[in-house]
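J.: Input file: structure-v7.cif. Contents: mmCIF, C-alpha atoms.
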```
data_my_file
loop_
_atom_site.label_atom_id
_atom_site.label_comp_id
_atom_site.auth_asym_id
_atom_site.auth_seq_id
_atom_site.Cartn_x
_atom_site.Cartn_y
_atom_site.Cartn_z
CA MET W 1 -1.72 -1.58 17.93
CA ARG W 2 -1.54 2.16 18.56
CA VAL W 3 -4.36 4.32 19.86
CA ILE W 4 -5.28 7.22 17.58
CA PRO W 5 -7.07 9.91 19.61
CA GLY W 6 -10.26 11.39 18.27
CA HIS W 7 -9.51 14.67 16.50
CA THR W 8 -10.21 16.87 13.50
CA PHE W 9 -7.61 17.18 10.75
CA GLU W 10 -7.23 18.49 7.20
CA MET W 11 -8.11 15.66 4.83
CA GLY W 12 -7.19 15.74 1.16
CA SER W 13 -5.01 18.20 -0.73
CA ASP W 14 -5.48 20.98 -3.27
CA ARG W 15 -1.80 20.89 -4.24
CA PHE W 16 -1.46 17.57 -6.07
CA TYR W 17 -4.08 15.45 -7.89
CA PRO W 18 -7.78 16.03 -8.65
CA GLU W 19 -8.99 12.92 -6.80
CA GLU W 20 -7.59 14.35 -3.55
CA ARG W 21 -9.56 17.60 -3.74
CA PRO W 22 -10.84 19.55 -1.99
CA ALA W 23 -8.83 19.85 1.21
CA ARG W 24 -11.44 19.86 3.96
CA PRO W 25 -11.80 19.29 7.69
CA ALA W 26 -12.59 15.71 8.73
CA SER W 27 -12.99 14.12 12.13
CA VAL W 28 -12.38 10.69 13.62
CA SER W 29 -13.37 9.13 16.92
CA THR W 30 -10.68 7.43 18.96
CA PHE W 31 -9.68 4.07 17.45
CA ARG W 32 -6.75 1.65 17.26
CA ILE W 33 -4.61 0.69 14.27
CA ASP W 34 -1.76 -1.74 13.70
CA ALA W 35 1.72 -0.26 14.05
CA THR W 36 2.86 -2.00 10.84
CA PRO W 37 1.36 -3.59 7.76
CA VAL W 38 0.51 -7.28 8.08
CA THR W 39 3.66 -9.27 7.31
CA ASN W 40 4.13 -12.54 5.45
CA ALA W 41 4.74 -14.32 8.75
CA MET W 42 1.52 -12.94 10.24
CA PHE W 43 -0.51 -13.85 7.17
CA ALA W 44 0.98 -17.36 7.14
CA ARG W 45 -0.30 -17.94 10.68
CA PHE W 46 -3.76 -16.88 9.55
CA VAL W 47 -3.69 -19.26 6.57
CA GLU W 48 -2.44 -22.12 8.74
CA ALA W 49 -5.23 -21.54 11.25
CA THR W 50 -8.07 -21.10 8.76
CA GLY W 51 -7.06 -22.72 5.47
CA HIS W 52 -7.91 -19.47 3.71
CA VAL W 53 -7.39 -19.44 -0.07
CA THR W 54 -6.66 -15.99 -1.45
CA GLU W 55 -8.21 -14.26 -4.43
CA ALA W 56 -5.00 -14.76 -6.43
CA GLU W 57 -4.94 -18.47 -5.62
CA ARG W 58 -8.59 -18.91 -6.59
CA GLY W 59 -8.09 -16.89 -9.74
CA GLU W 60 -10.42 -14.83 -11.86
CA ASP W 61 -12.36 -16.79 -14.47
CA GLY W 62 -10.51 -19.90 -13.37
CA ARG W 63 -7.03 -18.43 -13.93
CA PRO W 64 -5.03 -18.23 -10.67
CA GLY W 65 -2.28 -15.63 -10.59
CA SER W 66 -1.46 -12.02 -9.83
CA LEU W 67 0.21 -8.89 -11.19
CA LEU W 68 3.96 -8.50 -10.65
CA PHE W 69 6.05 -5.41 -11.38
CA ALA W 70 9.64 -6.29 -12.22
CA PHE W 71 12.57 -5.57 -14.53
CA HIS W 72 12.72 -7.63 -17.71
CA ASP W 73 15.37 -8.58 -20.24
CA ALA W 74 14.70 -5.44 -22.26
CA GLY W 75 16.08 -3.42 -19.35
CA THR W 76 12.92 -1.68 -18.23
CA ALA W 77 10.35 -2.63 -15.63
CA SER W 78 6.64 -3.20 -16.20
CA TRP W 79 3.58 -5.03 -14.96
CA ARG W 80 2.88 -8.62 -15.99
CA PHE W 81 0.22 -11.08 -14.98
CA ILE W 82 2.02 -14.21 -13.77
CA ASP W 83 0.03 -17.44 -13.76
CA GLY W 84 -0.06 -19.09 -10.35
CA LEU W 85 1.60 -16.18 -8.53
CA SER W 86 0.38 -15.60 -4.97
CA TRP W 87 1.44 -14.38 -1.55
CA GLN W 88 3.30 -17.65 -1.10
CA THR W 89 5.60 -16.90 -4.07
CA PRO W 90 5.58 -13.11 -3.91
CA HIS W 91 8.20 -12.21 -6.54
CA GLY W 92 8.22 -15.22 -8.84
CA HIS W 93 7.72 -18.96 -8.74
CA ALA W 94 11.22 -19.57 -7.37
CA SER W 95 10.60 -17.21 -4.43
CA ARG W 96 9.11 -18.09 -1.05
CA TRP W 97 7.37 -15.92 1.50
CA SER W 98 9.47 -17.53 4.23
CA SER W 99 12.61 -15.84 2.88
CA ILE W 100 11.05 -12.41 3.54
CA GLU W 101 8.94 -13.09 6.62
CA GLN W 102 9.00 -9.50 7.87
CA HIS W 103 8.08 -7.89 4.55
CA PRO W 104 4.45 -6.84 4.02
CA VAL W 105 2.26 -9.55 2.56
CA VAL W 106 1.28 -8.76 -1.05
CA HIS W 107 -0.85 -10.38 -3.77
CA VAL W 108 -3.83 -10.16 -1.40
CA GLY W 109 -7.21 -8.80 -2.43
CA HIS W 110 -9.71 -6.74 -0.50
CA SER W 111 -11.66 -9.82 0.59
CA ASP W 112 -8.44 -11.46 1.83
CA ALA W 113 -7.67 -8.41 3.97
CA GLN W 114 -11.21 -8.46 5.38
CA ALA W 115 -10.97 -12.16 6.16
CA TYR W 116 -7.68 -11.73 8.01
CA ALA W 117 -9.07 -8.78 9.97
CA ALA W 118 -12.14 -10.77 11.03
CA TRP W 119 -9.96 -13.70 12.14
CA ALA W 120 -7.82 -11.31 14.19
CA GLY W 121 -10.88 -9.72 15.82
CA LYS W 122 -10.26 -6.46 14.00
CA ARG W 123 -11.41 -4.65 10.86
CA LEU W 124 -10.04 -2.47 8.08
CA ALA W 125 -9.73 1.25 8.72
CA THR W 126 -11.96 3.61 6.78
CA GLU W 127 -10.21 5.99 4.41
CA VAL W 128 -10.79 8.86 6.83
CA GLU W 129 -9.34 6.89 9.75
CA TRP W 130 -6.37 5.74 7.69
CA GLU W 131 -5.50 9.25 6.53
CA ALA W 132 -5.89 10.68 10.03
CA ALA W 133 -3.50 8.04 11.34
CA ALA W 134 -1.01 8.62 8.51
CA CYS W 135 -0.80 12.35 9.25
CA GLY W 136 0.62 11.49 12.67
CA GLY W 137 -0.88 14.54 14.35
CA LEU W 138 0.47 17.03 11.79
CA HIS W 139 -1.94 19.48 10.21
CA GLY W 140 -1.88 20.61 6.59
CA CYS W 141 1.50 19.04 5.77
CA ASP W 142 2.16 17.47 2.38
CA TYR W 143 4.05 14.50 3.81
CA ALA W 144 3.60 12.30 6.85
CA TRP W 145 6.76 13.81 8.35
CA GLY W 146 6.40 17.48 7.36
CA ASP W 147 6.44 19.83 4.39
CA THR W 148 9.50 18.53 2.52
CA LEU W 149 10.07 15.15 0.87
CA THR W 150 13.52 14.68 2.37
CA ILE W 151 14.94 14.90 5.88
CA ASP W 152 18.71 15.39 6.00
CA ASP W 153 18.81 14.54 2.28
CA GLN W 154 17.09 11.19 2.90
CA ILE W 155 13.54 10.09 2.00
CA PRO W 156 12.16 8.49 5.18
CA ALA W 157 10.04 5.91 3.35
CA SER W 158 10.45 2.95 0.99
CA ILE W 159 9.66 4.50 -2.39
CA TRP W 160 11.25 4.30 -5.85
CA GLU W 161 14.41 6.37 -5.99
CA GLY W 162 15.71 6.81 -9.51
CA ASP W 163 14.19 7.38 -12.94
CA PHE W 164 10.97 5.36 -12.91
CA PRO W 165 10.55 2.88 -14.54
CA SER W 166 13.94 2.46 -16.19
CA SER W 167 16.40 2.76 -13.31
CA ARG W 168 16.36 2.32 -9.57
CA THR W 169 19.15 3.35 -7.21
CA GLN W 170 18.24 0.54 -4.80
CA GLY W 171 18.92 -2.08 -7.48
CA ARG W 172 16.95 -4.17 -9.96
CA GLU W 173 16.50 -7.34 -7.93
CA LEU W 174 13.19 -8.30 -6.35
CA PRO W 175 11.70 -7.91 -3.82
CA PHE W 176 11.21 -4.16 -4.00
CA THR W 177 9.44 -4.19 -0.64
CA THR W 178 11.44 -3.77 2.56
CA PRO W 179 11.00 -5.24 6.05
CA VAL W 180 8.32 -3.37 7.97
CA ALA W 181 9.55 -0.68 10.37
CA SER W 182 12.68 -0.02 8.32
CA HIS W 183 12.11 3.71 8.77
CA GLU W 184 11.23 5.90 11.74
CA PRO W 185 7.58 5.91 12.87
CA ASN W 186 5.29 8.89 12.47
CA GLY W 187 3.95 11.00 15.31
CA PHE W 188 1.45 8.31 16.32
CA GLY W 189 4.11 5.56 16.41
CA LEU W 190 3.03 4.01 13.10
CA PHE W 191 5.48 2.53 10.61
CA ASP W 192 5.22 2.38 6.81
CA MET W 193 2.10 4.48 6.49
CA ILE W 194 3.89 5.94 3.47
CA GLY W 195 5.61 3.77 0.85
CA ASN W 196 6.47 0.07 0.92
CA VAL W 197 2.95 -1.06 -0.04
CA TRP W 198 -0.39 0.55 -0.76
CA GLU W 199 -2.92 -0.49 1.88
CA TRP W 200 -6.53 -1.57 1.52
CA THR W 201 -9.13 0.40 3.45
CA ALA W 202 -12.75 -0.42 4.23
CA THR W 203 -13.95 2.41 1.97
CA LYS W 204 -15.39 1.56 -1.43
CA ALA W 205 -15.54 4.06 -4.28
CA PRO W 206 -16.29 4.23 -8.00
CA PRO W 207 -13.33 4.50 -10.38
CA PHE W 208 -11.72 7.85 -11.03
CA ASP W 209 -9.38 8.86 -13.81
CA ALA W 210 -6.15 9.42 -11.91
CA LYS W 211 -3.50 11.09 -14.08
CA PRO W 212 -0.63 10.60 -14.25
CA SER W 213 -1.24 6.92 -13.80
CA CYS W 214 0.09 5.32 -10.66
CA CYS W 215 3.00 2.91 -10.56
CA GLY W 216 3.41 2.47 -14.29
CA THR W 217 0.00 1.15 -15.26
CA GLU W 218 -2.56 2.75 -17.56
CA ARG W 219 -5.26 0.32 -16.46
CA GLN W 220 -8.49 2.12 -15.65
CA ASP W 221 -10.85 0.34 -13.31
CA GLU W 222 -14.31 -0.21 -14.69
CA ALA W 223 -16.04 -1.12 -11.45
CA GLU W 224 -16.24 0.05 -7.88
CA GLY W 225 -13.19 -0.93 -5.87
CA GLY W 226 -11.54 -0.49 -2.51
CA VAL W 227 -9.74 2.75 -1.77
CA ILE W 228 -6.03 2.13 -1.21
CA LYS W 229 -3.79 4.58 0.62
CA GLY W 230 -0.17 5.43 1.29
CA GLY W 231 1.68 4.82 -1.96
CA SER W 232 4.20 2.04 -2.44
CA HIS W 233 7.77 1.13 -3.32
CA LEU W 234 6.86 2.01 -6.93
CA CYS W 235 5.94 5.66 -6.27
CA ALA W 236 8.61 7.96 -7.73
CA PRO W 237 9.10 11.74 -7.78
CA ASN W 238 9.44 11.72 -11.59
CA TRP W 239 6.25 9.70 -12.15
CA CYS W 240 3.59 10.13 -9.50
CA ARG W 241 3.91 11.71 -6.08
CA ARG W 242 1.50 9.50 -4.20
CA TYR W 243 3.76 8.91 -1.20
CA ARG W 244 1.55 11.19 0.91
CA PRO W 245 -1.34 10.76 3.39
CA ALA W 246 -3.81 12.51 1.05
CA ALA W 247 -3.00 10.30 -1.95
CA ARG W 248 -5.62 7.77 -2.97
CA GLN W 249 -6.24 5.17 -5.66
CA ILE W 250 -8.82 2.47 -6.39
CA GLY W 251 -7.76 -1.16 -6.12
CA THR W 252 -9.70 -4.06 -7.62
CA VAL W 253 -7.25 -6.97 -7.92
CA PRO W 254 -4.26 -8.43 -6.05
CA THR W 255 -0.86 -7.04 -7.04
CA SER W 256 2.74 -7.04 -5.84
CA HIS W 257 2.42 -3.55 -4.33
CA ILE W 258 -0.81 -3.74 -2.28
CA GLY W 259 -0.96 -4.97 1.32
CA PHE W 260 -2.96 -3.92 4.38
CA ARG W 261 -3.03 -3.33 8.11
CA CYS W 262 -5.92 -3.68 10.55
CA ALA W 263 -7.80 -1.30 12.78
CA ALA W 264 -10.21 -1.75 15.68
CA ASP W 265 -12.59 0.23 17.81
CA LEU W 266 -11.17 1.42 21.10
CA SER W 267 -13.24 -1.06 23.10
#
```
The structure in this file should be written as C-alpha cells.

T.:
Amino acid sequence: MRVIPGHTFEMGSDRFYPEERPARPASVSTFRIDATPVTNAMFARFVEATGHVTEAERGEDGRPGSLLFAFHDAGTASWRFIDGLSWQTPHGHASRWSSIEQHPVVHVGHSDAQAYAAWAGKRLATEVEWEAAACGGLHGCDYAWGDTLTIDDQIPASIWEGDFPSSRTQGRELPFTTPVASHEPNGFGLFDMIGNVWEWTATKAPPFDAKPSCCGTERQDEAEGGVIKGGSHLCAPNWCRRYRPAARQIGTVPTSHIGFRCAADLS
C-alpha cells in the first residue's frame, strides 16, 4: 500500500461531462491505498480462504453469469450477458483466471469488493479519496500524468486505441485487460489508476444520465449504485474520454471491465 498525505485538491472537471461538474476544492485526510488493483491471484487466495461466492456466481433471479464485452462474428464488439461467466472464467467458458494471474480480477460486484476488503483488513476508498489518489499530487490537470493524453506519442494507460467499437490496434483477442503495473506509476506510486479496469469505490449515488454512454452500452441504471472511477480498457478517444481522475460512472452489476483496489486508514 502507498500512503496518500492529507491535502486539498481540485475535484471534478468543468471541461468534459456534466456528471463531473463543478470543479471544486476537496480535502482528504492521510490514508493508505493499494498500489495496484486486486489481481486474479489475490482474489483466488481470498476465495480459497473464505469460500466466498461472487454476485455473478450466485446470479440475479437465479441466473448466474456476467456481462462480457468482446468481438463477434459480425466483426464488431458489443456487450453480451454470458450464462455462468464469472471471475474464474473471465473471458469465456474456455478461459481460466490462472492463465492471467496478474491481470485485475473482473466480474466482481460491489459486495464482492467489500467482502474482499473486510477479509484483508481494509476497506474501499471513498470517491473523494480515490480521485485524490489518482491525481498523484497534480492540481487541475485533465489526466493523471498531466495536461495532454499522450507522453512521447504514447498513452501511458491501458485504454482502447483504435476506432471504438469496430477496430482495436492492440488486437481483437481477449483478454483486453493487461497485467497490473504495465505502465509507469503516478506521482503517489500508484499503478493503473487510469484505464485497465474501472474500480469500485465505497461511495453510493443515484443514477445519472451520462452521455455519451460509456464503453458501448446504452443501459441506464434505474437504482442507486456504487460510483466507479478511472475508466477501463474500453475507454476510447472517439467514444468517451473517461480515462481521467475526474471521470465517474455508476456501477450496479458485475462486468468484464470493473475491478477494485482497497484502501485503509493510516493507523

J.: Using only C-alpha atoms, what does the table of segment 168-217 of chain W residues within 10 Å of segment 102-124 of chain W look like, with each row giving the shortest atom pair and its distance in Å to one decimal, sorted by chain and ascending number, as a tab-separated table?

T.:
```
residue	atom	partner	partner_atom	distance
W:Pro175	CA	W:His103	CA	9.1
W:Phe176	CA	W:His103	CA	9.8
W:Thr177	CA	W:His103	CA	6.5
W:Thr178	CA	W:His103	CA	5.7
W:Pro179	CA	W:His103	CA	4.2
W:Val180	CA	W:His103	CA	5.7
W:Ala181	CA	W:Gln102	CA	9.2
W:Ser182	CA	W:His103	CA	9.9
W:Asp192	CA	W:Pro104	CA	9.7
W:Asn196	CA	W:Pro104	CA	7.8
W:Val197	CA	W:Pro104	CA	7.2
W:Trp198	CA	W:Val106	CA	9.5
W:Glu199	CA	W:Ala113	CA	9.5
W:Trp200	CA	W:His110	CA	6.4
W:Thr201	CA	W:Leu124	CA	5.5
W:Ala202	CA	W:Leu124	CA	5.1
W:Thr203	CA	W:Leu124	CA	8.7
```

J.: What's around segment 12-20 of chain W at 9 Å? Count all atoms listed in the file, leave out sequence neighbours fewer than 2 positions away in its own chain, and write the answer as number ranges by chain.

T.: W: 10, 22-25, 131, 140, 142, 208-212, 241-242, 245-249

J.: With C-alpha atoms retained, export the selected residues as a CSV table (one decimal), in the coordinates of the input.

T.:
```
chain,number,residue,atom,x,y,z
W,10,GLU,CA,-7.2,18.5,7.2
W,22,PRO,CA,-10.8,19.6,-2.0
W,23,ALA,CA,-8.8,19.8,1.2
W,24,ARG,CA,-11.4,19.9,4.0
W,25,PRO,CA,-11.8,19.3,7.7
W,131,GLU,CA,-5.5,9.2,6.5
W,140,GLY,CA,-1.9,20.6,6.6
W,142,ASP,CA,2.2,17.5,2.4
W,208,PHE,CA,-11.7,7.8,-11.0
W,209,ASP,CA,-9.4,8.9,-13.8
W,210,ALA,CA,-6.2,9.4,-11.9
W,211,LYS,CA,-3.5,11.1,-14.1
W,212,PRO,CA,-0.6,10.6,-14.2
W,241,ARG,CA,3.9,11.7,-6.1
W,242,ARG,CA,1.5,9.5,-4.2
W,245,PRO,CA,-1.3,10.8,3.4
W,246,ALA,CA,-3.8,12.5,1.0
W,247,ALA,CA,-3.0,10.3,-2.0
W,248,ARG,CA,-5.6,7.8,-3.0
W,249,GLN,CA,-6.2,5.2,-5.7
```

J.: Calculated over all atoms listed in the file, which of the candidates W:Val128, W:Ala144, W:Val28, W:Met1 has the smallest distance to Val227 of chain W?

T.: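 Among W:Val128, W:Ala144, W:Val28, W:Met1, it is W:Val128 that comes nearest to Val227 of chain W.
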
J.: Using all atoms listed in the file, find each residue in segment 102-216 of chain W having at least one atom no more than 8 Å away from segment 58-75 of chain W; report its shortest atom-to-atom pair and that distance in Å (one decimal), rows by chain then rising number, as CSV.

T.:
```
residue,atom,partner,partner_atom,distance
W:His107,CA,W:Ser66,CA,6.3
W:Ser166,CA,W:Gly75,CA,7.0
W:Arg172,CA,W:Phe71,CA,6.5
W:Glu173,CA,W:Phe71,CA,7.9
W:Leu174,CA,W:Ala70,CA,7.1
```

J.: Which neighbours of Ile194 of chain W fall inside 6 Å, counting all atoms listed in the file, when residues of the same chain fewer than 5 positions from it are skipped, and could you give them as a PDB file with C-alpha atoms, in the coordinates of the input?

T.:
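Listed below is the output, result13.pdb:
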```
ATOM      1  CA  GLY W 230      -0.170   5.430   1.290  1.00  0.00           C
ATOM      2  CA  GLY W 231       1.680   4.820  -1.960  1.00  0.00           C
ATOM      3  CA  TYR W 243       3.760   8.910  -1.200  1.00  0.00           C
TER       4      TYR W 243
END
```

J.: Mind giving me the straight-line distance from atom CA of Glu127 of chain W to atom CA of Ala26 of chain W in Å, one decimal?

T.: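 It comes out at 10.9 Å.
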
J.: Find the residues near Ala94 of chain W: any atom within 12 Å, counting only C-alpha atoms, skip ones fewer than 4 places away on the same chain, and give them as a PyMOL selection string.

T.: chain W and resi 84-86+88-90+98-99+174

J.: Which one is closest to Ser256 of chain W: W:Gly92, W:Pro207, W:Pro37, W:Pro5? Count only C-alpha atoms.

T.: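 Looking only at the distances to Ser256 of chain W, the closest residue turns out to be W:Gly92.
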
J.: Take atom CA of Ile159 of chain W and atom CA of Ser232 of chain W and report the distance between them in Å, one decimal.

T.: 6.0 Å

J.: Determine the nearest neighbour of Cys235 of chain W from the options W:Glu184, W:Asp34, W:Glu161, W:Asp265, counting only C-alpha atoms.

T.: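 Of W:Glu184, W:Asp34, W:Glu161, W:Asp265, the one nearest Cys235 of chain W, counting only C-alpha atoms, is W:Glu161.
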
J.: Rank nothing, just name the residue among W:Gly195, W:His233, W:Arg32, W:Glu129 nearest to Tyr143 of chain W, using all atoms listed in the file.

T.: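 Using all atoms listed in the file, the shortest distance to Tyr143 of chain W belongs to W:Gly195.
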
J.: In Å to one decimal, how far is atom CA of Ile258 of chain W from atom CA of Thr76 of chain W?

T.: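 Computing the Euclidean distance for atom CA of Thr76 of chain W and atom CA of Ile258 of chain W yields 21.1 Å.
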
J.: Evaluate the PyMOL selection byres ((chain W and resi 138) around 12) against this structure - the residues, as an MDAnalysis selection string, please.

T.: chainID W and resid 7:11 131:137 139:147 186:188 245
